[in-house]
file model-v4.csv (CSV, C-alpha atoms (C1' of nucleotides))
chain,number,residue,atom,x,y,z
I,29,MET,CA,-28.2,35.7,-32.7
I,30,ARG,CA,-25.4,38.2,-31.8
I,31,GLN,CA,-26.6,41.6,-30.4
I,32,GLY,CA,-29.4,41.4,-28.1
I,33,ARG,CA,-29.2,37.6,-28.1
I,34,LYS,CA,-26.4,37.3,-25.6
I,35,VAL,CA,-26.9,35.1,-22.6
I,36,LEU,CA,-24.6,35.4,-19.6
I,37,VAL,CA,-23.7,32.0,-18.2
I,38,LEU,CA,-22.1,31.8,-14.8
I,39,VAL,CA,-20.6,28.5,-13.7
I,40,GLY,CA,-18.3,27.2,-11.0
I,41,PRO,CA,-18.0,24.6,-8.3
I,42,THR,CA,-20.2,24.4,-5.3
I,43,ALA,CA,-19.6,27.1,-2.7
I,44,SER,CA,-17.7,29.3,-5.2
I,45,GLY,CA,-20.2,32.2,-4.8
I,46,LYS,CA,-22.3,31.9,-7.9
I,47,THR,CA,-25.5,32.9,-6.2
I,48,THR,CA,-24.3,36.1,-4.7
I,49,VAL,CA,-22.4,37.2,-7.8
I,50,ALA,CA,-25.5,36.5,-9.9
I,51,ILE,CA,-27.6,38.7,-7.6
I,52,GLU,CA,-25.0,41.5,-7.9
I,53,LEU,CA,-25.0,41.1,-11.7
I,54,ALA,CA,-28.7,41.5,-11.8
I,55,LYS,CA,-28.2,44.9,-10.2
I,56,LEU,CA,-26.0,45.9,-13.1
I,57,LEU,CA,-28.3,44.9,-16.0
I,58,PRO,CA,-32.0,44.2,-16.4
I,59,SER,CA,-32.1,40.4,-16.1
I,60,GLU,CA,-33.6,37.2,-14.9
I,61,ILE,CA,-31.9,34.3,-13.5
I,62,ILE,CA,-32.1,30.7,-14.9
I,63,SER,CA,-30.8,28.3,-12.4
I,64,ALA,CA,-29.0,25.4,-14.0
I,65,ASP,CA,-29.0,23.2,-10.9
I,66,SER,CA,-30.4,19.8,-10.8
I,67,ARG,CA,-31.3,19.9,-7.2
I,68,GLN,CA,-32.4,23.5,-6.5
I,69,ILE,CA,-35.3,22.9,-8.8
I,70,TYR,CA,-36.9,20.7,-6.1
I,71,GLN,CA,-39.2,22.0,-3.4
I,72,LEU,CA,-38.4,21.2,0.2
I,73,LEU,CA,-34.7,20.9,-0.5
I,74,ASP,CA,-33.7,24.4,0.6
I,75,ILE,CA,-30.8,24.4,3.1
I,76,GLY,CA,-28.8,21.5,1.6
I,77,THR,CA,-29.0,22.8,-1.9
I,78,ALA,CA,-28.0,26.3,-0.9
I,79,LYS,CA,-31.0,27.6,-2.7
I,80,PRO,CA,-31.1,31.4,-3.2
I,81,ALA,CA,-32.9,33.0,-0.3
I,82,ARG,CA,-36.5,34.1,-0.6
I,83,THR,CA,-35.3,37.7,-0.4
I,84,GLN,CA,-32.9,37.2,-3.2
I,85,ARG,CA,-35.6,35.6,-5.3
I,86,GLN,CA,-37.8,38.6,-4.7
I,87,GLU,CA,-35.0,40.9,-5.9
I,88,VAL,CA,-34.5,39.1,-9.2
I,89,PRO,CA,-36.9,36.7,-10.9
I,90,HIS,CA,-35.5,33.1,-10.7
I,91,HIS,CA,-36.5,30.2,-12.9
I,92,PHE,CA,-36.1,26.5,-12.2
I,93,VAL,CA,-35.8,27.0,-8.5
I,94,ASP,CA,-38.4,25.4,-6.2
I,95,GLU,CA,-40.5,24.3,-9.1
I,96,LEU,CA,-41.0,20.5,-8.6
I,97,PRO,CA,-41.9,18.2,-5.8
I,98,PRO,CA,-39.0,15.8,-4.9
I,99,GLU,CA,-40.7,12.8,-6.4
I,100,ARG,CA,-40.9,14.3,-9.9
I,101,ASP,CA,-38.3,13.2,-12.4
I,102,PHE,CA,-36.4,15.8,-14.2
I,103,SER,CA,-33.5,15.7,-16.6
I,104,ALA,CA,-30.9,17.6,-18.4
I,105,GLY,CA,-32.9,17.3,-21.7
I,106,GLU,CA,-36.1,18.5,-20.2
I,107,PHE,CA,-34.2,21.4,-18.6
I,108,GLY,CA,-32.6,22.3,-22.0
I,109,GLU,CA,-35.9,22.5,-23.7
I,110,ARG,CA,-37.8,24.4,-21.1
I,111,ALA,CA,-34.9,26.8,-20.3
I,112,THR,CA,-34.6,27.6,-24.0
I,113,GLN,CA,-38.3,28.7,-24.0
I,114,VAL,CA,-37.7,30.7,-20.8
I,115,ILE,CA,-34.8,32.4,-22.5
I,116,GLU,CA,-37.0,33.5,-25.3
I,117,GLU,CA,-39.5,34.9,-22.9
I,118,ILE,CA,-36.8,36.9,-21.1
I,119,PHE,CA,-35.6,38.3,-24.4
I,120,ALA,CA,-39.2,39.2,-25.2
I,121,ARG,CA,-39.2,41.2,-21.9
I,122,ALA,CA,-36.0,43.0,-23.2
I,123,ARG,CA,-34.0,41.5,-20.4
I,124,THR,CA,-30.8,39.5,-20.3
I,125,PRO,CA,-31.0,35.9,-19.2
I,126,ILE,CA,-28.3,34.9,-16.7
I,127,VAL,CA,-27.8,31.2,-16.5
I,128,VAL,CA,-26.3,30.3,-13.1
I,129,GLY,CA,-25.5,26.8,-12.2
I,130,GLY,CA,-23.1,24.0,-11.3
I,131,SER,CA,-24.8,21.2,-13.1
I,132,GLY,CA,-22.5,20.8,-16.1
I,133,LEU,CA,-24.7,18.6,-18.1
I,134,TYR,CA,-27.7,20.9,-17.6
I,135,VAL,CA,-25.6,23.9,-18.8
I,136,GLN,CA,-24.4,21.9,-21.8
I,137,ALA,CA,-27.9,20.8,-22.7
I,138,LEU,CA,-29.0,24.4,-22.7
I,139,ILE,CA,-26.1,26.2,-24.4
I,140,ASP,CA,-24.9,23.5,-26.7
I,141,GLY,CA,-28.0,21.5,-27.2
I,142,ILE,CA,-28.7,18.0,-26.4
I,143,PHE,CA,-30.0,15.6,-29.1
I,144,GLU,CA,-33.7,15.5,-29.6
I,145,GLY,CA,-34.2,12.2,-28.0
I,146,PRO,CA,-37.1,10.7,-26.1
I,147,SER,CA,-37.5,11.0,-22.3
I,148,ALA,CA,-37.0,8.2,-20.0
I,149,ASP,CA,-39.3,5.2,-20.2
I,150,ARG,CA,-39.5,4.1,-16.6
I,151,GLU,CA,-41.0,0.7,-17.2
I,152,PHE,CA,-38.5,-0.2,-19.8
I,153,ARG,CA,-35.7,1.0,-17.6
I,154,ALA,CA,-37.0,-1.0,-14.6
I,155,ALA,CA,-37.2,-4.1,-16.7
I,156,LEU,CA,-33.6,-3.7,-17.8
I,157,GLU,CA,-32.5,-2.9,-14.3
I,158,ARG,CA,-34.0,-6.1,-13.1
I,159,ARG,CA,-32.1,-8.0,-15.8
I,160,ILE,CA,-28.9,-6.4,-14.7
I,161,VAL,CA,-29.5,-7.4,-11.1
I,162,ALA,CA,-30.0,-10.9,-12.4
I,163,GLY,CA,-26.5,-10.7,-13.9
I,164,GLU,CA,-27.5,-10.2,-17.5
I,165,LEU,CA,-25.5,-7.1,-18.2
I,166,PRO,CA,-23.3,-8.9,-20.8
I,167,HIS,CA,-26.5,-9.9,-22.6
I,168,LEU,CA,-27.6,-6.3,-22.7
I,169,ILE,CA,-24.3,-5.2,-24.1
I,170,GLU,CA,-24.7,-7.9,-26.8
I,171,GLU,CA,-28.2,-6.6,-27.6
I,172,LEU,CA,-26.9,-3.1,-27.9
I,173,ARG,CA,-24.1,-4.3,-30.1
I,174,ALA,CA,-26.6,-5.8,-32.5
I,175,VAL,CA,-28.6,-2.6,-33.0
I,176,ASP,CA,-25.9,0.1,-32.3
I,177,PRO,CA,-22.4,-1.2,-32.6
I,178,ASP,CA,-20.9,2.3,-32.3
I,179,SER,CA,-22.4,2.9,-28.9
I,180,ALA,CA,-21.7,-0.6,-27.7
I,181,ALA,CA,-18.0,0.0,-28.5
I,182,ARG,CA,-18.0,3.4,-27.0
I,183,ILE,CA,-19.9,3.0,-23.8
I,184,ASP,CA,-18.0,2.0,-20.7
I,185,PRO,CA,-19.3,-1.4,-19.7
I,186,THR,CA,-19.0,-0.4,-16.0
I,187,LYS,CA,-21.7,2.1,-16.6
I,188,PRO,CA,-24.9,0.2,-16.9
I,189,ARG,CA,-27.0,3.3,-16.9
I,190,ARG,CA,-25.4,4.4,-20.2
I,191,ILE,CA,-26.2,1.0,-21.7
I,192,ILE,CA,-29.7,1.3,-20.5
I,193,ARG,CA,-30.1,4.7,-22.0
I,194,ALA,CA,-28.8,3.6,-25.3
I,195,LEU,CA,-31.1,0.6,-25.4
I,196,GLU,CA,-34.0,2.7,-24.3
I,197,VAL,CA,-33.5,5.2,-27.1
I,198,TYR,CA,-33.4,2.4,-29.6
I,199,HIS,CA,-36.5,0.9,-28.1
I,200,LEU,CA,-38.3,4.2,-28.3
I,201,THR,CA,-37.2,5.5,-31.7
I,202,GLY,CA,-35.9,2.6,-33.6
I,203,LYS,CA,-32.7,4.5,-34.1
I,204,PRO,CA,-29.3,4.1,-32.6
I,205,ILE,CA,-28.5,6.8,-30.0
I,206,SER,CA,-25.1,7.3,-31.6
I,207,GLN,CA,-26.8,8.3,-34.9
I,208,LEU,CA,-29.2,10.7,-33.0
I,209,HIS,CA,-26.2,12.3,-31.3
I,210,ARG,CA,-24.8,13.1,-34.7
I,211,GLU,CA,-28.0,14.1,-36.4
I,212,ALA,CA,-30.5,15.5,-34.0
I,213,GLN,CA,-28.8,18.2,-32.0
I,214,ARG,CA,-31.2,21.0,-31.1
I,215,ALA,CA,-30.3,24.3,-32.6
I,216,ILE,CA,-29.1,27.1,-30.4
I,217,THR,CA,-30.7,30.4,-30.9
I,218,PHE,CA,-28.7,32.7,-28.7
I,219,ALA,CA,-25.1,33.5,-28.0
I,220,PRO,CA,-23.8,32.3,-24.6
I,221,VAL,CA,-21.0,34.2,-22.9
I,222,LEU,CA,-19.4,32.0,-20.3
I,223,PHE,CA,-17.8,32.9,-17.0
I,224,GLY,CA,-16.5,30.6,-14.3
I,225,LEU,CA,-15.7,31.4,-10.7
I,226,THR,CA,-12.7,29.7,-9.3
I,227,TRP,CA,-10.6,29.7,-6.1
I,228,GLU,CA,-7.3,28.3,-4.9
I,229,ARG,CA,-8.1,24.7,-4.2
I,230,GLN,CA,-7.4,24.9,-0.5
I,231,THR,CA,-9.5,28.1,-0.1
I,232,LEU,CA,-12.4,26.4,-1.9
I,233,TYR,CA,-12.2,23.4,0.3
I,234,ASP,CA,-12.2,25.6,3.4
I,235,ARG,CA,-15.2,27.4,2.1
I,236,ILE,CA,-17.0,24.1,1.5
I,237,ASP,CA,-16.2,22.7,4.9
I,238,LYS,CA,-17.4,25.9,6.5
I,239,ARG,CA,-20.6,25.9,4.5
I,240,CYS,CA,-21.4,22.4,5.4
I,241,GLU,CA,-21.2,23.4,9.0
I,242,GLU,CA,-23.4,26.4,8.4
I,243,MET,CA,-26.0,24.2,6.7
I,244,LEU,CA,-26.1,21.9,9.7
I,245,ARG,CA,-26.4,24.9,12.0
I,246,ALA,CA,-29.2,26.3,9.8
I,247,GLY,CA,-31.2,23.1,10.3
I,248,LEU,CA,-30.3,20.6,7.6
I,249,ILE,CA,-31.1,17.8,9.9
I,250,GLU,CA,-34.6,19.2,10.6
I,251,GLU,CA,-35.1,19.6,6.9
I,252,VAL,CA,-34.4,15.9,6.4
I,253,GLU,CA,-36.7,15.0,9.3
I,254,ALA,CA,-39.4,17.0,7.6
I,255,LEU,CA,-38.8,15.1,4.4
I,256,GLU,CA,-38.9,11.8,6.3
I,257,GLN,CA,-42.2,12.8,7.8
I,258,ARG,CA,-43.7,13.3,4.4
I,259,GLY,CA,-42.6,9.8,3.5
I,260,TYR,CA,-39.6,10.7,1.3
I,261,THR,CA,-36.7,8.2,1.4
I,262,PRO,CA,-33.2,8.5,0.1
I,263,ARG,CA,-34.2,6.1,-2.7
I,264,LEU,CA,-35.5,9.1,-4.5
I,265,ASN,CA,-33.1,10.5,-7.0
I,266,ALA,CA,-33.7,14.0,-5.8
I,267,LEU,CA,-32.5,12.9,-2.4
I,268,ASN,CA,-29.5,11.0,-3.7
I,269,THR,CA,-27.7,14.3,-3.1
I,270,VAL,CA,-24.7,15.4,-1.1
I,271,GLY,CA,-25.8,16.4,2.4
I,272,TYR,CA,-29.1,14.7,2.3
I,273,ALA,CA,-27.7,11.2,1.8
I,274,GLU,CA,-25.4,11.6,4.7
I,275,VAL,CA,-28.0,13.0,7.0
I,276,PHE,CA,-30.4,10.2,6.1
I,277,ALA,CA,-27.7,7.7,7.0
I,278,TYR,CA,-27.1,9.4,10.3
I,279,ARG,CA,-30.8,9.5,11.0
I,280,ARG,CA,-31.1,5.8,10.5
I,281,GLY,CA,-28.2,5.2,12.9
I,282,GLU,CA,-25.9,3.9,10.1
I,283,ILE,CA,-23.2,6.4,10.9
I,284,SER,CA,-22.4,8.6,13.8
I,285,TYR,CA,-22.9,12.4,13.8
I,286,ASP,CA,-19.2,13.0,13.4
I,287,GLU,CA,-18.9,10.5,10.6
I,288,MET,CA,-21.9,12.2,8.9
I,289,VAL,CA,-20.2,15.6,9.1
I,290,ARG,CA,-17.0,14.2,7.8
I,291,LEU,CA,-18.6,12.5,4.9
I,292,PHE,CA,-20.8,15.5,4.1
I,293,LYS,CA,-17.7,17.7,3.7
I,294,GLN,CA,-15.7,15.0,1.9
I,295,ASN,CA,-18.4,14.3,-0.6
I,296,SER,CA,-19.0,18.0,-1.1
I,297,ARG,CA,-15.3,18.4,-1.9
I,298,ARG,CA,-15.4,15.6,-4.3
I,299,TYR,CA,-18.4,17.0,-6.0
I,300,ALA,CA,-16.6,20.3,-6.4
I,301,LYS,CA,-13.7,18.6,-8.0
I,302,ARG,CA,-15.9,16.8,-10.5
I,303,GLN,CA,-17.5,20.1,-11.4
I,304,LEU,CA,-14.1,21.6,-12.0
I,305,THR,CA,-13.1,18.7,-14.2
I,306,TRP,CA,-16.2,19.1,-16.2
I,307,PHE,CA,-16.0,22.9,-16.7
I,308,ARG,CA,-12.2,23.0,-17.3
I,309,ARG,CA,-12.5,21.4,-20.7
I,310,ASP,CA,-14.8,24.1,-21.9
I,311,ARG,CA,-12.4,26.6,-23.5
I,312,ARG,CA,-15.0,29.3,-23.8
I,313,ILE,CA,-15.2,29.9,-20.1
I,314,ARG,CA,-13.4,33.0,-18.8
I,315,TRP,CA,-12.3,32.2,-15.4
I,316,ILE,CA,-12.5,34.7,-12.6
I,317,GLN,CA,-9.9,34.1,-9.9
I,318,MET,CA,-12.0,35.1,-6.9
I,319,GLU,CA,-9.1,35.9,-4.6
I,320,GLU,CA,-8.3,38.9,-6.8
I,321,TYR,CA,-11.5,40.7,-5.8
I,322,GLU,CA,-12.7,42.2,-2.6
I,323,ASN,CA,-16.3,41.2,-2.8
I,324,ALA,CA,-19.1,39.8,-5.0
I,325,ALA,CA,-20.0,43.3,-6.2
I,326,GLN,CA,-16.6,43.8,-7.6
I,327,VAL,CA,-16.6,40.4,-9.2
I,328,ALA,CA,-20.0,41.2,-10.8
I,329,ALA,CA,-18.7,44.5,-12.0
I,330,ALA,CA,-15.7,42.8,-13.7
I,331,ILE,CA,-17.9,40.2,-15.3
I,332,HIS,CA,-20.4,42.8,-16.4
I,333,ARG,CA,-17.7,44.8,-18.1
I,334,LEU,CA,-16.4,41.7,-20.0
I,335,PHE,CA,-20.0,40.7,-20.9
I,336,VAL,CA,-20.9,44.0,-22.4
I,337,ALA,CA,-17.6,44.2,-24.3
I,338,ASP,CA,-18.1,40.7,-25.7
I,339,GLY,CA,-19.2,40.3,-29.3
R,7,G,C1',11.4,-1.2,38.2
R,8,G,C1',8.9,-5.7,36.0
R,9,G,C1',5.4,-7.9,32.2
R,10,C,C1',3.0,-7.7,27.5
R,11,A,C1',2.0,-5.4,22.9
R,12,G,C1',3.8,-2.3,19.3
R,13,G,C1',6.8,1.4,16.1
R,14,U,C1',5.6,0.5,8.0
R,15,G,C1',4.6,5.6,2.7
R,16,G,C1',-0.1,12.1,4.6
R,17,C,C1',-3.4,8.9,8.0
R,18,G,C1',-5.4,4.0,9.2
R,19,G,C1',-3.6,-0.7,8.5
R,20,A,C1',-1.4,-5.5,5.8
R,21,G,C1',3.1,-7.8,5.1
R,22,U,C1',7.1,-11.7,8.9
R,23,G,C1',14.0,-13.9,4.5
R,24,G,C1',14.0,-13.2,-2.1
R,25,U,C1',8.6,-12.6,-6.8
R,26,C,C1',8.3,-5.5,-1.9
R,27,A,C1',8.5,0.8,-3.5
R,28,A,C1',5.8,-2.6,-0.3
R,29,U,C1',-1.9,-5.8,-0.5
R,30,C,C1',-5.9,-2.7,1.0
R,31,G,C1',-8.9,1.5,2.9
R,32,C,C1',-9.0,6.8,3.6
R,33,A,C1',-7.2,11.6,2.1
R,34,C,C1',-5.3,13.8,-2.2
R,35,C,C1',-4.4,14.5,-7.7
R,36,A,C1',-6.0,13.7,-12.8
R,37,G,C1',-9.7,12.2,-16.2
R,38,A,C1',-14.5,10.5,-18.5
R,39,C,C1',-19.4,12.1,-19.0
R,40,U,C1',-25.3,13.9,-24.7
R,41,G,C1',-32.3,13.0,-20.8
R,42,U,C1',-31.0,9.9,-12.7
R,43,A,C1',-25.4,14.3,-13.7
R,44,A,C1',-24.9,17.1,-6.2
R,45,A,C1',-25.4,11.2,-10.3
R,46,U,C1',-22.3,7.3,-12.4
R,47,C,C1',-17.5,5.6,-13.6
R,48,U,C1',-11.8,5.3,-14.7
R,49,G,C1',-6.7,6.2,-13.7
R,50,G,C1',-2.6,8.0,-10.6
R,51,C,C1',-0.5,8.4,-5.9
R,52,G,C1',8.4,7.5,-2.6
R,53,A,C1',12.0,10.4,-5.8
R,54,C,C1',14.2,10.9,-10.5
R,55,C,C1',14.3,9.5,-15.9
R,56,U,C1',10.3,11.1,-21.9
R,57,U,C1',7.3,5.8,-22.2
R,58,C,C1',7.8,0.1,-22.4
R,59,G,C1',11.1,0.2,-18.9
R,60,G,C1',15.0,1.9,-15.8
R,61,U,C1',17.8,4.3,-11.7
R,62,C,C1',18.0,5.8,-6.7
R,63,U,C1',16.5,6.4,-1.4
R,64,U,C1',12.6,3.9,2.0
R,65,C,C1',9.4,0.1,6.4
R,66,G,C1',11.9,4.0,14.6
R,67,G,C1',17.9,4.6,15.3
R,68,U,C1',22.5,1.9,15.1
R,69,G,C1',25.3,-2.4,14.4
R,70,G,C1',25.1,-7.5,12.9
R,71,U,C1',23.6,-12.4,10.4
R,72,U,C1',22.8,-13.6,5.1
R,73,C,C1',24.3,-14.2,-1.7
R,74,G,C1',19.8,-11.4,-0.3
R,75,A,C1',16.2,-8.2,5.5
R,76,A,C1',10.4,-4.3,6.2
R,77,U,C1',10.9,-9.4,7.6
R,78,C,C1',16.2,-12.9,11.6
R,79,C,C1',19.8,-11.3,15.9
R,80,A,C1',21.9,-7.5,19.3
R,81,U,C1',21.4,-2.9,21.3
R,82,C,C1',19.3,1.9,21.8
R,83,C,C1',15.1,5.3,21.5
R,84,C,C1',9.8,6.0,21.6
R,85,U,C1',4.4,4.6,22.3
R,86,G,C1',0.2,1.9,24.6
R,87,C,C1',-1.8,-1.4,28.2
R,88,C,C1',-1.0,-4.3,32.7
R,89,C,C1',1.7,-5.3,37.4
R,90,A,C1',4.7,-2.7,41.0
call {"tool": "encode", "arguments": {"input": "model-v4.csv", "output": "structure tokens"}}
result
Amino acid sequence: MRQGRKVLVLVGPTASGKTTVAIELAKLLPSEIISADSRQIYQLLDIGTAKPARTQRQEVPHHFVDELPPERDFSAGEFGERATQVIEEIFARARTPIVVGGSGLYVQALIDGIFEGPSADREFRAALERRIVAGELPHLIEELRAVDPDSAARIDPTKPRRIIRALEVYHLTGKPISQLHREAQRAITFAPVLFGLTWERQTLYDRIDKRCEEMLRAGLIEEVEALEQRGYTPRLNALNTVGYAEVFAYRRGEISYDEMVRLFKQNSRRYAKRQLTWFRRDRRIRWIQMEEYENAAQVAAAIHRLFVADG
RNA sequence: GGGCAGGUGGCGGAGUGGUCAAUCGCACCAGACUGUAAAUCUGGCGACCUUCGGUCUUCGGUGGUUCGAAUCCAUCCCUGCCCA
């Protein structure tokens, strides 16, 4: 911990400029980038996820980008475990890990730990989902109350997924998830130093709108067509993603082109807003007001200065 | 010039005498979030008051009717469609 165990963590909403700033940072200190992004990890989703360009990835080693086929399940927990290992490897190479990402839960799982719980049990989940479709959600809540009253009381009944997860954990471990949350946090072996990129709201929204248009110009629709040709459908969690979902709907004739563009932008803005809500509560983050800098290099320089001075 | 339809909160669009500051959708704001998280979900949204609650100004303009009007009447302005 402490000296030599510092990890630079760069967060911020979509379209805030994380990727560019991270690349600039890598020029200032020997480092490797760990992407904490639940969608950039997937192959074939390039344009819509604003994945770092191949040239950028050649400049700096990137981890958790382009590593899984879209049909593979992935999760914050899995990310936390694997990224922890990768951080150790980067330290072993005497470099600084730079965690870059907008997936709040992924970042949290990595730098604060997530409880050592079991991974998803697809069959068990499917069975519970069928019961929910059959209108048995109240029964499930009752079952949860019987084995884990804490969780039953805490979990919002409008979020079936959380109920399912709690029952799943009990099913797999015999212990209430609420107890595991308290007792089984994974230890953190490094010192994260957090920075967040932020913009005036209107400026951010303008950037988002503009980037959506750029993605379409860059061939997002063709990217979706290619996915379709490979047999991928929007059912897939990896494709339940801003940009892809709207284009799929457009391709199926469910919405017009203009409507698709409108929704794409709107949902991107909403996503950015949720990201801000998530990150705002983390008091450790030092916010970088992007308007105050000329370019990404200057932002990186400022962050670098603060990072080196920290601890 | 004539006929018809209509002007409601940022937008769309309900409401047709009291229970309307005004259903609802969108936009927007705020929040939650421990293994699907770019997901999933909650709240707010005329102004003012610290909250329960209360006060004030709103439904194109003006003037009426009425105990009471977004809702009825008159008139004026504006918009769309149709006939000239």
call {"tool": "residues_around", "arguments": {"input": "model-v4.csv", "residues": "A44 of chain R", "least_positions_apart": "5", "cutoff": "9 Å", "atoms": "only C-alpha atoms (C1' of nucleotides)", "output": "PyMOL selection string"}}
result
chain I and resi 42+65-67+77+130-131+268-271+296+299-300
call {"tool": "closest_residue", "arguments": {"input": "model-v4.csv", "among": "I:Arg263, I:His332, I:Arg311, I:Arg280", "to": "chain R", "atoms": "all atoms listed in the file"}}
result
I:Arg263
call {"tool": "closest_residue", "arguments": {"input": "model-v4.csv", "among": "I:Arg190, I:Arg333, I:Arg229, I:Arg235", "to": "U40 of chain R", "atoms": "all atoms listed in the file"}}
result
I:Arg190
call {"tool": "interface_residues", "arguments": {"input": "model-v4.csv", "of": "chain R", "to": "chain I", "cutoff": "9 Å", "atoms": "only C-alpha atoms (C1' of nucleotides)", "output": "list in words"}}
result
A36, G37, C39, U40, G41, U42, A43, A44, A45, U46 and C47 of chain R
call {"tool": "atom_distance", "arguments": {"input": "model-v4.csv", "atom1": "atom C1' of A75 of chain R", "atom2": "atom C1' of G52 of chain R"}}
result
19.3 Å
call {"tool": "closest_residue", "arguments": {"input": "model-v4.csv", "among": "I:Ala277, I:Ile51, I:Ile192, I:Ile249", "to": "Arg158 of chain I", "atoms": "only C-alpha atoms"}}
result
I:Ile192
call {"tool": "residues_around", "arguments": {"input": "model-v4.csv", "residues": "G70 of chain R", "least_positions_apart": "3", "cutoff": "12 Å", "atoms": "only C-alpha atoms (C1' of nucleotides)", "output": "list in words"}}
result
A75, C78, C79, A80 and U81 of chain R
call {"tool": "closest_residue", "arguments": {"input": "model-v4.csv", "among": "I:Arg258, I:Arg182, I:Arg210, I:Arg297", "to": "Cys240 of chain I", "atoms": "all atoms listed in the file"}}
result
I:Arg297
call {"tool": "closest_residue", "arguments": {"input": "model-v4.csv", "among": "I:Phe218, I:Tyr198, I:Trp227, I:Tyr321", "to": "Ala43 of chain I", "atoms": "only C-alpha atoms"}}
result
I:Trp227
call {"tool": "axis_aligned_box", "arguments": {"input": "model-v4.csv", "around": "segment 53-58 of chain I", "padding_each_side": "6 Å", "output": "lines of an AutoDock Vina configuration file"}}
result
center_x = -28.5
center_y = 43.5
center_z = -13.3
size_x = 19.0
size_y = 16.8
size_z = 18.2
call {"tool": "atom_distance", "arguments": {"input": "model-v4.csv", "atom1": "atom C1' of G18 of chain R", "atom2": "atom CA of Asp234 of chain I"}}
result
23.4 Å
call {"tool": "closest_residue", "arguments": {"input": "model-v4.csv", "among": "R:C32, R:C65, R:C58, R:C83", "to": "G15 of chain R", "atoms": "all atoms listed in the file"}}
result
R:C65
call {"tool": "residues_around", "arguments": {"input": "model-v4.csv", "residues": "Thr124 of chain I", "least_positions_apart": "5", "cutoff": "7 Å", "atoms": "all atoms listed in the file", "output": "ChimeraX atom specification"}}
result
/I:35,58-60,118-119
call {"tool": "atom_distance", "arguments": {"input": "model-v4.csv", "atom1": "atom CA of Ile115 of chain I", "atom2": "atom CA of Ile216 of chain I"}}
result
11.1 Å
call {"tool": "residues_around", "arguments": {"input": "model-v4.csv", "residues": "segment 24-29 of chain R", "least_positions_apart": "6", "cutoff": "12 Å", "atoms": "only C-alpha atoms (C1' of nucleotides)", "output": "ChimeraX atom specification"}}
result
/R:14-15,52-53,62-65,72-77
